[in-house]
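Have a look at run03.txt below; it lists compact mmCIF, C-alpha atoms.
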```txt
# COMPACT_ATOMS: atom_id res chain seq x y z
CA MET A 1 134.37 6.51 -49.35
CA GLY A 2 136.95 6.09 -52.09
CA LYS A 3 139.79 4.60 -50.11
CA THR A 4 140.91 0.98 -50.12
CA ILE A 5 142.81 -0.69 -47.31
CA VAL A 6 145.87 -2.53 -48.62
CA GLY A 7 147.54 -5.14 -46.47
CA ALA A 8 146.63 -5.70 -42.86
CA GLY A 9 146.39 -3.76 -39.66
CA SER A 10 149.62 -3.23 -37.80
CA ALA A 11 151.45 -6.32 -36.59
CA GLU A 12 151.92 -4.53 -33.28
CA GLY A 13 148.20 -4.00 -32.80
CA LEU A 14 148.40 -0.30 -33.48
CA PRO A 15 145.37 1.58 -34.83
CA LEU A 16 146.59 1.91 -38.39
CA SER A 17 146.42 0.21 -41.76
CA GLU A 18 149.64 -0.97 -43.38
CA ALA A 19 148.74 0.93 -46.53
CA VAL A 20 145.81 2.84 -47.96
CA SER A 21 145.07 3.40 -51.64
CA ALA A 22 143.07 6.39 -52.93
CA GLY A 23 143.00 8.53 -56.05
CA GLY A 24 145.75 6.50 -57.70
CA PHE A 25 148.14 7.00 -54.77
CA LEU A 26 149.27 4.46 -52.22
CA PHE A 27 150.12 5.73 -48.74
CA LEU A 28 152.22 3.39 -46.61
CA SER A 29 152.42 3.54 -42.85
CA GLY A 30 155.85 4.28 -41.41
CA LEU A 31 158.16 1.31 -41.83
CA VAL A 32 160.95 0.22 -39.51
CA GLY A 33 163.35 -2.66 -40.04
CA PHE A 34 161.48 -5.56 -38.50
CA GLY A 35 162.83 -9.06 -39.08
CA PRO A 36 160.73 -12.23 -39.36
CA ASP A 37 160.79 -12.54 -35.56
CA GLY A 38 159.08 -9.19 -35.14
CA ARG A 39 162.18 -7.50 -33.78
CA ILE A 40 164.36 -4.84 -35.35
CA VAL A 41 167.02 -6.68 -37.35
CA PRO A 42 170.59 -6.59 -36.05
CA GLY A 43 173.36 -5.11 -38.20
CA GLY A 44 172.72 -1.40 -37.95
CA ILE A 45 171.11 1.13 -40.24
CA SER A 46 172.15 -0.63 -43.44
CA ALA A 47 170.43 -3.86 -42.45
CA GLU A 48 167.39 -1.96 -41.17
CA THR A 49 167.11 -0.12 -44.48
CA ASP A 50 167.21 -3.39 -46.41
CA ALA A 51 164.51 -4.88 -44.17
CA ILE A 52 162.33 -1.81 -44.67
CA MET A 53 162.68 -2.03 -48.42
CA ALA A 54 161.74 -5.72 -48.45
CA GLU A 55 158.56 -4.89 -46.56
CA ALA A 56 157.87 -1.86 -48.78
CA LYS A 57 158.11 -4.08 -51.87
CA ARG A 58 155.62 -6.52 -50.38
CA LEU A 59 153.10 -3.78 -49.60
CA LEU A 60 153.60 -1.98 -52.90
CA ALA A 61 152.98 -5.26 -54.76
CA LEU A 62 149.68 -5.70 -52.88
CA GLY A 63 148.75 -2.27 -54.24
CA ARG A 64 149.89 -3.26 -57.75
CA GLY A 65 152.99 -1.16 -57.52
CA SER A 66 156.74 -1.43 -57.06
CA LEU A 67 159.61 0.66 -55.71
CA ARG A 68 159.75 2.39 -59.10
CA ASP A 69 156.33 3.91 -58.39
CA VAL A 70 157.42 5.62 -55.18
CA VAL A 71 157.15 9.39 -55.61
CA LYS A 72 158.04 10.68 -52.15
CA VAL A 73 159.93 9.36 -49.15
CA SER A 74 160.28 10.93 -45.71
CA VAL A 75 163.36 9.66 -43.90
CA LEU A 76 163.26 9.72 -40.12
CA LEU A 77 166.64 9.08 -38.54
CA ALA A 78 167.19 8.48 -34.85
CA ASP A 79 170.69 9.94 -35.28
CA ALA A 80 171.52 12.42 -38.05
CA GLY A 81 175.12 11.21 -37.80
CA GLU A 82 174.05 8.05 -39.63
CA PHE A 83 172.85 9.96 -42.69
CA ASP A 84 175.77 8.89 -44.90
CA SER A 85 175.46 5.21 -43.93
CA PHE A 86 171.76 5.37 -44.59
CA ASN A 87 172.24 6.94 -48.02
CA THR A 88 174.66 4.22 -49.06
CA ALA A 89 172.11 1.54 -48.23
CA TYR A 90 169.12 3.45 -49.60
CA ARG A 91 170.74 4.27 -52.93
CA ARG A 92 171.01 0.60 -53.86
CA HIS A 93 167.21 0.30 -53.79
CA PHE A 94 166.65 3.25 -56.11
CA PRO A 95 169.27 2.88 -58.86
CA GLU A 96 167.37 5.25 -61.15
CA SER A 97 164.61 7.88 -61.02
CA PRO A 98 164.66 8.05 -57.21
CA PRO A 99 161.69 9.56 -55.35
CA ALA A 100 161.65 13.10 -54.04
CA ARG A 101 162.79 12.96 -50.43
CA ILE A 102 163.09 14.78 -47.15
CA SER A 103 165.25 13.69 -44.23
CA MET A 104 165.37 14.69 -40.58
CA SER A 105 166.27 13.35 -37.18
CA VAL A 106 163.43 12.89 -34.71
CA GLY A 107 162.50 10.70 -31.78
CA LEU A 108 161.16 7.39 -33.10
CA THR A 109 158.39 5.57 -31.27
CA ILE A 110 160.32 2.30 -31.37
CA ASP A 111 163.98 1.49 -30.72
CA ALA A 112 165.11 1.61 -34.35
CA ARG A 113 167.63 3.71 -36.24
CA VAL A 114 165.48 4.69 -39.18
CA GLU A 115 161.83 4.84 -40.19
CA LEU A 116 160.59 5.51 -43.72
CA ASP A 117 157.33 7.01 -44.91
CA LEU A 118 156.50 6.23 -48.55
CA ILE A 119 153.95 7.55 -51.02
CA ALA A 120 153.61 5.79 -54.38
CA TYR A 121 151.58 6.55 -57.47
CA VAL A 122 150.05 3.44 -58.97
CA GLY A 123 147.49 5.10 -61.22
CA ASP A 124 143.87 4.28 -61.64
CA ILE A 125 144.07 0.51 -61.55
CA PRO A 126 142.08 -0.54 -58.48
CA ALA A 127 144.29 -1.91 -55.73
CA ARG A 128 143.90 -5.52 -54.66
CA ALA A 129 142.74 -5.39 -51.09
CA GLU A 130 143.72 -8.00 -48.54
CA ALA A 131 141.65 -8.92 -45.54
CA PRO A 132 143.26 -7.78 -42.29
CA MET B 1 145.11 27.03 -60.23
CA GLY B 2 143.19 23.91 -59.28
CA LYS B 3 143.22 24.24 -55.51
CA THR B 4 140.34 25.30 -53.28
CA ILE B 5 140.73 26.82 -49.84
CA VAL B 6 138.52 25.04 -47.33
CA GLY B 7 137.76 26.70 -44.02
CA ALA B 8 139.47 29.86 -42.87
CA GLY B 9 142.95 31.14 -42.30
CA SER B 10 144.52 30.21 -39.01
CA ALA B 11 142.83 31.41 -35.86
CA GLU B 12 146.27 32.42 -34.60
CA GLY B 13 146.90 34.68 -37.58
CA LEU B 14 149.45 32.33 -39.07
CA PRO B 15 150.08 32.35 -42.84
CA LEU B 16 148.23 29.15 -43.61
CA SER B 17 144.84 27.86 -44.70
CA GLU B 18 142.98 25.47 -42.41
CA ALA B 19 142.59 23.04 -45.29
CA VAL B 20 143.20 22.94 -49.03
CA SER B 21 141.43 20.71 -51.54
CA ALA B 22 143.01 19.62 -54.83
CA GLY B 23 142.83 16.61 -57.11
CA GLY B 24 140.27 14.89 -54.91
CA PHE B 25 142.45 15.14 -51.82
CA LEU B 26 141.99 17.36 -48.79
CA PHE B 27 145.11 18.51 -46.96
CA LEU B 28 144.55 19.77 -43.42
CA SER B 29 146.94 22.01 -41.57
CA GLY B 30 148.45 20.58 -38.42
CA LEU B 31 145.86 20.35 -35.65
CA VAL B 32 146.43 20.75 -31.93
CA GLY B 33 143.85 20.37 -29.18
CA PHE B 34 142.43 23.86 -28.92
CA GLY B 35 139.31 24.36 -26.84
CA PRO B 36 136.57 26.92 -27.50
CA ASP B 37 138.61 29.52 -25.58
CA GLY B 38 141.51 29.19 -27.99
CA ARG B 39 143.72 27.46 -25.44
CA ILE B 40 144.95 23.88 -25.38
CA VAL B 41 142.32 21.88 -23.50
CA PRO B 42 143.23 20.57 -20.05
CA GLY B 43 143.16 16.83 -19.36
CA GLY B 44 146.26 15.61 -21.11
CA ILE B 45 146.89 13.86 -24.40
CA SER B 46 143.56 11.99 -24.41
CA ALA B 47 141.55 15.22 -24.14
CA GLU B 48 143.79 16.92 -26.70
CA THR B 49 143.26 14.06 -29.15
CA ASP B 50 139.49 14.30 -28.76
CA ALA B 51 139.61 18.06 -29.35
CA ILE B 52 141.74 17.55 -32.46
CA MET B 53 139.29 15.01 -33.84
CA ALA B 54 136.32 17.31 -33.27
CA GLU B 55 138.07 20.02 -35.26
CA ALA B 56 139.14 17.54 -37.95
CA LYS B 57 135.52 16.44 -38.38
CA ARG B 58 134.43 20.04 -38.80
CA LEU B 59 137.05 20.74 -41.47
CA LEU B 60 136.49 17.43 -43.26
CA ALA B 61 132.76 18.16 -43.42
CA LEU B 62 133.49 21.53 -45.05
CA GLY B 63 135.40 19.57 -47.70
CA ARG B 64 132.51 17.09 -48.06
CA GLY B 65 134.36 14.38 -46.19
CA SER B 66 134.48 12.61 -42.85
CA LEU B 67 137.00 10.80 -40.68
CA ARG B 68 136.35 7.68 -42.78
CA ASP B 69 137.95 9.43 -45.75
CA VAL B 70 141.26 10.07 -44.01
CA VAL B 71 144.00 8.14 -45.80
CA LYS B 72 147.13 9.25 -43.96
CA VAL B 73 147.91 10.71 -40.55
CA SER B 74 151.24 11.99 -39.26
CA VAL B 75 151.36 11.96 -35.47
CA LEU B 76 153.69 14.46 -33.81
CA LEU B 77 154.18 13.80 -30.13
CA ALA B 78 155.92 16.17 -27.75
CA ASP B 79 156.88 13.12 -25.66
CA ALA B 80 157.21 9.65 -27.18
CA GLY B 81 156.46 8.26 -23.72
CA GLU B 82 152.82 9.19 -24.27
CA PHE B 83 152.48 7.01 -27.35
CA ASP B 84 150.34 4.37 -25.62
CA SER B 85 148.00 6.93 -24.08
CA PHE B 86 147.66 8.62 -27.44
CA ASN B 87 146.86 5.35 -29.21
CA THR B 88 144.10 4.55 -26.75
CA ALA B 89 142.41 7.88 -27.45
CA TYR B 90 143.07 7.83 -31.20
CA ARG B 91 141.74 4.32 -31.72
CA ARG B 92 138.25 5.31 -30.60
CA HIS B 93 138.01 7.74 -33.53
CA PHE B 94 138.94 5.15 -36.13
CA PRO B 95 137.04 1.99 -35.16
CA GLU B 96 137.52 0.48 -38.62
CA SER B 97 139.66 0.95 -41.74
CA PRO B 98 142.08 3.31 -40.00
CA PRO B 99 144.37 5.54 -42.08
CA ALA B 100 147.98 4.72 -42.81
CA ARG B 101 150.05 6.46 -40.16
CA ILE B 102 153.49 7.55 -39.06
CA SER B 103 154.41 8.69 -35.56
CA MET B 104 157.41 10.52 -34.16
CA SER B 105 158.38 12.85 -31.35
CA VAL B 106 159.47 16.35 -32.33
CA GLY B 107 159.46 19.85 -30.93
CA LEU B 108 156.01 21.36 -31.41
CA THR B 109 155.62 25.06 -32.12
CA ILE B 110 152.98 25.41 -29.43
CA ASP B 111 152.77 24.08 -25.87
CA ALA B 112 150.70 20.99 -26.69
CA ARG B 113 151.27 17.28 -26.29
CA VAL B 114 150.26 16.15 -29.75
CA GLU B 115 149.72 17.58 -33.22
CA LEU B 116 148.10 15.69 -36.10
CA ASP B 117 148.56 16.13 -39.83
CA LEU B 118 145.73 14.61 -41.91
CA ILE B 119 145.25 13.89 -45.60
CA ALA B 120 141.81 12.75 -46.78
CA TYR B 121 140.52 11.57 -50.13
CA VAL B 122 137.11 12.98 -50.92
CA GLY B 123 137.04 12.23 -54.65
CA ASP B 124 136.12 14.47 -57.48
CA ILE B 125 133.15 16.23 -55.90
CA PRO B 126 134.12 19.90 -55.71
CA ALA B 127 134.71 21.03 -52.17
CA ARG B 128 132.45 23.65 -50.64
CA ALA B 129 134.70 26.60 -49.94
CA GLU B 130 134.12 28.93 -47.02
CA ALA B 131 135.15 32.55 -46.94
CA PRO B 132 138.00 33.16 -44.51
CA MET C 1 155.08 3.75 -64.06
CA GLY C 2 153.19 7.03 -64.09
CA LYS C 3 155.71 9.31 -62.44
CA THR C 4 157.85 11.94 -64.13
CA ILE C 5 161.13 13.23 -62.77
CA VAL C 6 161.19 17.02 -62.73
CA GLY C 7 164.51 18.82 -62.42
CA ALA C 8 167.73 17.05 -61.65
CA GLY C 9 169.16 14.75 -59.06
CA SER C 10 170.41 16.41 -55.92
CA ALA C 11 173.25 18.89 -56.27
CA GLU C 12 174.87 17.20 -53.28
CA GLY C 13 174.88 13.81 -54.98
CA LEU C 14 172.16 12.46 -52.74
CA PRO C 15 169.91 9.61 -53.98
CA LEU C 16 166.86 11.73 -54.67
CA SER C 17 165.13 13.64 -57.43
CA GLU C 18 164.57 17.37 -57.00
CA ALA C 19 160.89 16.90 -57.78
CA VAL C 20 158.56 14.15 -58.96
CA SER C 21 155.25 14.64 -60.74
CA ALA C 22 152.42 12.09 -60.61
CA GLY C 23 148.64 12.15 -60.70
CA GLY C 24 148.54 15.91 -61.12
CA PHE C 25 150.64 16.52 -58.01
CA LEU C 26 154.23 17.70 -57.80
CA PHE C 27 156.30 16.50 -54.84
CA LEU C 28 159.43 18.53 -54.12
CA SER C 29 162.37 17.24 -52.15
CA GLY C 30 163.16 19.09 -48.94
CA LEU C 31 164.61 22.52 -49.68
CA VAL C 32 167.16 24.42 -47.64
CA GLY C 33 168.49 27.91 -48.32
CA PHE C 34 171.41 27.24 -50.61
CA GLY C 35 173.01 30.19 -52.34
CA PRO C 36 174.63 30.13 -55.79
CA ASP C 37 177.89 28.95 -54.21
CA GLY C 38 176.22 25.82 -52.86
CA ARG C 39 176.38 27.01 -49.27
CA ILE C 40 173.58 28.05 -46.94
CA VAL C 41 173.07 31.77 -47.46
CA PRO C 42 174.13 34.11 -44.64
CA GLY C 43 171.57 36.39 -43.00
CA GLY C 44 169.58 34.03 -40.87
CA ILE C 45 166.20 32.36 -41.26
CA SER C 46 164.66 35.19 -43.27
CA ALA C 47 167.36 35.01 -45.94
CA GLU C 48 167.21 31.21 -45.93
CA THR C 49 163.46 31.31 -46.46
CA ASP C 50 163.82 33.66 -49.41
CA ALA C 51 166.47 31.40 -50.96
CA ILE C 52 164.22 28.37 -50.50
CA MET C 53 161.32 30.13 -52.18
CA ALA C 54 163.46 31.16 -55.16
CA GLU C 55 164.45 27.53 -55.66
CA ALA C 56 160.86 26.34 -55.13
CA LYS C 57 159.67 28.72 -57.86
CA ARG C 58 162.29 27.36 -60.25
CA LEU C 59 161.26 23.75 -59.62
CA LEU C 60 157.54 24.51 -59.70
CA ALA C 61 157.98 26.26 -63.05
CA LEU C 62 159.70 23.15 -64.45
CA GLY C 63 156.57 21.24 -63.41
CA ARG C 64 154.32 23.90 -65.00
CA GLY C 65 153.30 25.30 -61.65
CA SER C 66 153.91 28.26 -59.36
CA LEU C 67 153.81 29.05 -55.66
CA ARG C 68 150.04 29.56 -56.02
CA ASP C 69 149.67 25.85 -56.76
CA VAL C 70 151.27 24.72 -53.51
CA VAL C 71 148.71 22.87 -51.42
CA LYS C 72 150.75 21.70 -48.43
CA VAL C 73 153.98 22.75 -46.77
CA SER C 74 155.83 21.03 -43.95
CA VAL C 75 158.08 23.43 -42.08
CA LEU C 76 161.11 21.93 -40.34
CA LEU C 77 162.80 24.35 -38.00
CA ALA C 78 166.15 23.74 -36.35
CA ASP C 79 165.01 25.98 -33.49
CA ALA C 80 161.32 26.47 -32.66
CA GLY C 81 162.28 29.83 -31.16
CA GLU C 82 162.65 31.16 -34.70
CA PHE C 83 159.04 30.41 -35.60
CA ASP C 84 157.94 34.07 -35.56
CA SER C 85 160.89 35.23 -37.68
CA PHE C 86 160.19 32.42 -40.12
CA ASN C 87 156.51 33.31 -40.40
CA THR C 88 157.32 36.94 -41.19
CA ALA C 89 159.53 35.87 -44.10
CA TYR C 90 157.25 33.07 -45.28
CA ARG C 91 154.11 35.20 -45.31
CA ARG C 92 155.51 37.51 -47.98
CA HIS C 93 155.68 34.59 -50.41
CA PHE C 94 152.06 33.58 -49.92
CA PRO C 95 150.11 36.85 -49.85
CA GLU C 96 146.82 35.03 -50.53
CA SER C 97 145.34 31.52 -50.42
CA PRO C 98 148.31 30.09 -48.52
CA PRO C 99 148.88 26.32 -48.45
CA ALA C 100 147.84 24.11 -45.57
CA ARG C 101 150.86 23.78 -43.32
CA ILE C 102 152.44 21.94 -40.43
CA SER C 103 155.47 23.13 -38.48
CA MET C 104 157.82 21.40 -36.07
CA SER C 105 161.38 21.53 -34.83
CA VAL C 106 163.60 18.58 -35.68
CA GLY C 107 167.24 17.81 -36.32
CA LEU C 108 168.10 18.80 -39.88
CA THR C 109 170.63 16.80 -41.88
CA ILE C 110 172.50 19.94 -42.89
CA ASP C 111 173.56 23.02 -40.91
CA ALA C 112 170.57 25.18 -41.84
CA ARG C 113 167.85 26.89 -39.83
CA VAL C 114 164.87 25.78 -41.85
CA GLU C 115 163.91 23.15 -44.42
CA LEU C 116 160.64 23.14 -46.36
CA ASP C 117 158.75 20.25 -47.89
CA LEU C 118 156.25 21.29 -50.58
CA ILE C 119 153.44 19.52 -52.42
CA ALA C 120 151.77 21.32 -55.33
CA TYR C 121 148.79 20.45 -57.48
CA VAL C 122 149.38 21.28 -61.12
CA GLY C 123 146.55 19.26 -62.62
CA ASP C 124 146.61 16.91 -65.51
CA ILE C 125 148.91 18.85 -67.81
CA PRO C 126 151.97 16.64 -68.27
CA ALA C 127 155.01 18.08 -66.55
CA ARG C 128 158.00 19.12 -68.62
CA ALA C 129 160.80 16.82 -67.57
CA GLU C 130 164.42 17.90 -67.52
CA ALA C 131 167.34 15.57 -67.97
CA PRO C 132 169.28 15.07 -64.73
```
With the file now loaded, output its structure as structure tokens.
Amino acid sequence: MGKTIVGAGSAEGLPLSEAVSAGGFLFLSGLVGFGPDGRIVPGGISAETDAIMAEAKRLLALGRGSLRDVVKVSVLLADAGEFDSFNTAYRRHFPESPPARISMSVGLTIDARVELDLIAYVGDIPARAEAP
Amino acid sequence: MGKTIVGAGSAEGLPLSEAVSAGGFLFLSGLVGFGPDGRIVPGGISAETDAIMAEAKRLLALGRGSLRDVVKVSVLLADAGEFDSFNTAYRRHFPESPPARISMSVGLTIDARVELDLIAYVGDIPARAEAP
Amino acid sequence: MGKTIVGAGSAEGLPLSEAVSAGGFLFLSGLVGFGPDGRIVPGGISAETDAIMAEAKRLLALGRGSLRDVVKVSVLLADAGEFDSFNTAYRRHFPESPPARISMSVGLTIDARVELDLIAYVGDIPARAEAP
């Protein structure tokens, strides 16, 4: 088995790993805008996007990467009408060389406005694993 | 072209390959809970999840992998209200080092309760292709 | 950072790259059926699919690939009832060794009938980047 678990299991006790590294890529589980209290942050989609990016940075760093290494993002919106607000917030986190991206509105499994799915390429340096 | 077709074309005559191997990764087409008679198995989302995993194991084995090599799963639910039931069934198939995961509810293209999209990392061993 | 931007930023000024190459893979941003005038082409899902494939070929060529190198496609339909019409159009573009695929109906962020998400494997040849 050539995969490495990065980060912990889900904070909500779900059967998933926060991130998995394999073949130079880092696959993150879907991220929603949780605050330190384990609830979705108040303030709307802009605040949720910022919270997601903070968590993404933490996980990417555990895998020896950063936001600059993200190659693909899937954007899941609860309401497609918030696409413009989301883009304004998202753009600040990728000032240059943004990832490829796809966006859609779906039903989320938690009461949030946006969920992001990230794939990064961190190359052949072995990821630093963290015990769950 | 560096990709290898693994398994056959779709049993339903759809324009897709069951799985494709490239760069050490194995990409599986979306799986629903078909039974041996080509119909979605009865018994609800738990039975459908078990049927999906049986088929995933078969395809992963053709690509020289196993469920332990799965790095990312996208979970498509017809009804987000079945998320807990799904997780109970899914967890049994990944007792340790589960894949990264994202879940959402969408409209499926077949009358099923859940569809799974799997990516595995099987490394540089060439996959064993099977004639369609 | 081991990723290479392929193609330009989005024509609609969105914070995304048309395609990103890393680790031998090429990740394309979601494609809808834009015509030369920047609007969704008339003619329904078949015409939209053809327009998407023309654009996919252009981007794949920039990354030194072709449709034959596509390993995985995610099909986002605005209306699952158009699945058969879509398949008829899509099949013509993949006469052999089609990619693995998953299909679903979701809310698109633009008034189109179908959006496609493609991943190709182009191997270790460095992609030819194009200034945005």
With distances taken over all atoms listed in the file, which residue among B:Ile102, B:Leu118, B:Leu108, B:Leu26 lies nearest chain A? B:Ile102
Quick one: residues within 8 Å of Val32 in chain C, all atoms listed in the file, excluding same-chain residues fewer than 3 positions away - as a VMD selection string? chain C and resid 40 48 to 49 51 to 52 112 114 to 116
Counting all atoms listed in the file, which residue out of A:Pro99, A:Thr88, A:Thr109, A:Gly65 sits closest to chain B? A:Thr109
I'd like to know which of B:Pro42, B:Glu55, B:Asp79, B:Leu60 is closest to Val20 in chain B, using only C-alpha atoms.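 That would be B:Leu60, the residue with the smallest distance to Val20 in chain B.
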What does chain B look like after a least-squares fit onto chain C on every Cα paired in order, written as a compact mmCIF listing (two decimals) with C-alpha atoms, in the coordinates of the input?
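Okay, this is what ended up in superposed.txt:
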```txt
# COMPACT_ATOMS: atom_id res chain seq x y z
CA MET B 1 155.11 3.79 -64.10
CA GLY B 2 153.16 7.03 -64.07
CA LYS B 3 155.69 9.31 -62.42
CA THR B 4 157.84 11.94 -64.10
CA ILE B 5 161.13 13.22 -62.75
CA VAL B 6 161.19 17.01 -62.72
CA GLY B 7 164.50 18.81 -62.40
CA ALA B 8 167.74 17.04 -61.64
CA GLY B 9 169.15 14.74 -59.04
CA SER B 10 170.42 16.40 -55.91
CA ALA B 11 173.25 18.87 -56.25
CA GLU B 12 174.86 17.18 -53.26
CA GLY B 13 174.88 13.78 -54.95
CA LEU B 14 172.15 12.44 -52.73
CA PRO B 15 169.90 9.61 -53.97
CA LEU B 16 166.86 11.73 -54.65
CA SER B 17 165.12 13.64 -57.43
CA GLU B 18 164.56 17.37 -56.99
CA ALA B 19 160.88 16.90 -57.76
CA VAL B 20 158.56 14.15 -58.96
CA SER B 21 155.24 14.63 -60.74
CA ALA B 22 152.41 12.09 -60.59
CA GLY B 23 148.64 12.15 -60.69
CA GLY B 24 148.55 15.92 -61.11
CA PHE B 25 150.64 16.52 -58.01
CA LEU B 26 154.23 17.70 -57.79
CA PHE B 27 156.30 16.50 -54.84
CA LEU B 28 159.43 18.52 -54.11
CA SER B 29 162.37 17.24 -52.14
CA GLY B 30 163.15 19.09 -48.94
CA LEU B 31 164.59 22.52 -49.67
CA VAL B 32 167.16 24.41 -47.63
CA GLY B 33 168.48 27.90 -48.30
CA PHE B 34 171.40 27.24 -50.60
CA GLY B 35 173.00 30.19 -52.34
CA PRO B 36 174.61 30.15 -55.79
CA ASP B 37 177.87 28.95 -54.20
CA GLY B 38 176.20 25.83 -52.86
CA ARG B 39 176.39 27.01 -49.26
CA ILE B 40 173.58 28.04 -46.93
CA VAL B 41 173.08 31.77 -47.46
CA PRO B 42 174.13 34.11 -44.65
CA GLY B 43 171.56 36.39 -43.02
CA GLY B 44 169.58 34.01 -40.88
CA ILE B 45 166.21 32.34 -41.26
CA SER B 46 164.66 35.19 -43.27
CA ALA B 47 167.37 35.01 -45.94
CA GLU B 48 167.22 31.21 -45.94
CA THR B 49 163.45 31.30 -46.46
CA ASP B 50 163.82 33.66 -49.41
CA ALA B 51 166.47 31.40 -50.96
CA ILE B 52 164.22 28.37 -50.50
CA MET B 53 161.32 30.13 -52.19
CA ALA B 54 163.46 31.15 -55.16
CA GLU B 55 164.45 27.53 -55.66
CA ALA B 56 160.86 26.34 -55.14
CA LYS B 57 159.67 28.72 -57.86
CA ARG B 58 162.28 27.36 -60.25
CA LEU B 59 161.27 23.75 -59.62
CA LEU B 60 157.54 24.50 -59.70
CA ALA B 61 157.97 26.25 -63.05
CA LEU B 62 159.69 23.14 -64.44
CA GLY B 63 156.56 21.23 -63.41
CA ARG B 64 154.32 23.89 -65.01
CA GLY B 65 153.31 25.32 -61.66
CA SER B 66 153.91 28.26 -59.37
CA LEU B 67 153.81 29.06 -55.67
CA ARG B 68 150.04 29.57 -56.03
CA ASP B 69 149.68 25.86 -56.75
CA VAL B 70 151.28 24.73 -53.51
CA VAL B 71 148.71 22.88 -51.42
CA LYS B 72 150.75 21.70 -48.44
CA VAL B 73 153.98 22.75 -46.77
CA SER B 74 155.83 21.01 -43.95
CA VAL B 75 158.09 23.42 -42.08
CA LEU B 76 161.12 21.93 -40.34
CA LEU B 77 162.82 24.35 -38.00
CA ALA B 78 166.17 23.73 -36.36
CA ASP B 79 165.01 25.99 -33.50
CA ALA B 80 161.33 26.47 -32.67
CA GLY B 81 162.29 29.83 -31.17
CA GLU B 82 162.65 31.17 -34.70
CA PHE B 83 159.05 30.41 -35.61
CA ASP B 84 157.95 34.06 -35.57
CA SER B 85 160.89 35.22 -37.68
CA PHE B 86 160.21 32.42 -40.13
CA ASN B 87 156.52 33.31 -40.40
CA THR B 88 157.32 36.92 -41.20
CA ALA B 89 159.53 35.87 -44.11
CA TYR B 90 157.24 33.06 -45.29
CA ARG B 91 154.11 35.19 -45.33
CA ARG B 92 155.52 37.50 -47.99
CA HIS B 93 155.69 34.58 -50.42
CA PHE B 94 152.07 33.58 -49.93
CA PRO B 95 150.10 36.85 -49.86
CA GLU B 96 146.82 35.04 -50.53
CA SER B 97 145.35 31.52 -50.42
CA PRO B 98 148.32 30.10 -48.52
CA PRO B 99 148.88 26.32 -48.45
CA ALA B 100 147.84 24.11 -45.57
CA ARG B 101 150.85 23.78 -43.31
CA ILE B 102 152.44 21.95 -40.42
CA SER B 103 155.47 23.13 -38.47
CA MET B 104 157.82 21.40 -36.06
CA SER B 105 161.39 21.53 -34.83
CA VAL B 106 163.61 18.58 -35.68
CA GLY B 107 167.24 17.81 -36.32
CA LEU B 108 168.11 18.81 -39.88
CA THR B 109 170.63 16.80 -41.87
CA ILE B 110 172.49 19.94 -42.88
CA ASP B 111 173.57 23.02 -40.92
CA ALA B 112 170.57 25.19 -41.84
CA ARG B 113 167.86 26.89 -39.84
CA VAL B 114 164.86 25.78 -41.85
CA GLU B 115 163.90 23.16 -44.41
CA LEU B 116 160.64 23.14 -46.37
CA ASP B 117 158.75 20.24 -47.88
CA LEU B 118 156.24 21.28 -50.58
CA ILE B 119 153.44 19.51 -52.41
CA ALA B 120 151.76 21.32 -55.32
CA TYR B 121 148.78 20.47 -57.49
CA VAL B 122 149.38 21.29 -61.12
CA GLY B 123 146.54 19.27 -62.63
CA ASP B 124 146.60 16.90 -65.50
CA ILE B 125 148.92 18.83 -67.81
CA PRO B 126 151.97 16.62 -68.28
CA ALA B 127 155.02 18.03 -66.57
CA ARG B 128 158.00 19.10 -68.65
CA ALA B 129 160.81 16.82 -67.58
CA GLU B 130 164.42 17.94 -67.55
CA ALA B 131 167.37 15.65 -68.00
CA PRO B 132 169.36 15.26 -64.80
```
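Distances here use all atoms listed in the file; by that measure, the residue among C:Gly44, C:Gly30, C:Gly23, C:Gly38 closest to chain B is C:Gly23.
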When distances are computed from all atoms listed in the file, which of A:Arg91, A:Val71, A:Arg58, A:Ser97 shows the smallest separation from Glu18 in chain A?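 Ranking A:Arg91, A:Val71, A:Arg58, A:Ser97 by distance to Glu18 in chain A, first place goes to A:Arg58.
Using only C-alpha atoms, we find that the part of chain A lying within 8 Å of chain B comprises Met1, Gly2, Lys3, Ile5, Leu14, Pro15, Leu16, Ser17, Glu18, Ala19, Val20, Ser21, Ala22, Gly23, Phe27, Leu28, Ser29, Gly30, Val106, Gly107, Leu108, Thr109 and Asp117 of chain A.
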Quick one: residues within 10 Å of Ala47 in chain B, all atoms listed in the file counted, chain neighbours fewer than 6 positions away excluded, as a PyMOL selection string? chain B and resi 33-35+40-41+53+86+89
Go ahead and write the selection's residues with C-alpha atoms as a PDB file, in the coordinates of the input.
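As written to disk, part.pdb reads:
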```pdb
ATOM      1  CA  GLY B  33     143.850  20.370 -29.180  1.00  0.00           C
ATOM      2  CA  PHE B  34     142.430  23.860 -28.920  1.00  0.00           C
ATOM      3  CA  GLY B  35     139.310  24.360 -26.840  1.00  0.00           C
ATOM      4  CA  ILE B  40     144.950  23.880 -25.380  1.00  0.00           C
ATOM      5  CA  VAL B  41     142.320  21.880 -23.500  1.00  0.00           C
ATOM      6  CA  MET B  53     139.290  15.010 -33.840  1.00  0.00           C
ATOM      7  CA  PHE B  86     147.660   8.620 -27.440  1.00  0.00           C
ATOM      8  CA  ALA B  89     142.410   7.880 -27.450  1.00  0.00           C
TER       9      ALA B  89
END
```
Between CA of Gly7 in chain A and CA of Leu67 in chain A, measure the distance and give it in Å to one decimal.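 Going from CA of Gly7 in chain A over to CA of Leu67 in chain A, I get 16.3 Å.
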Atomic separation - CA of Gly13 in chain B relative to CA of Arg64 in chain B, Å: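 Separation between CA of Arg64 in chain B and CA of Gly13 in chain B: 25.0 Å.
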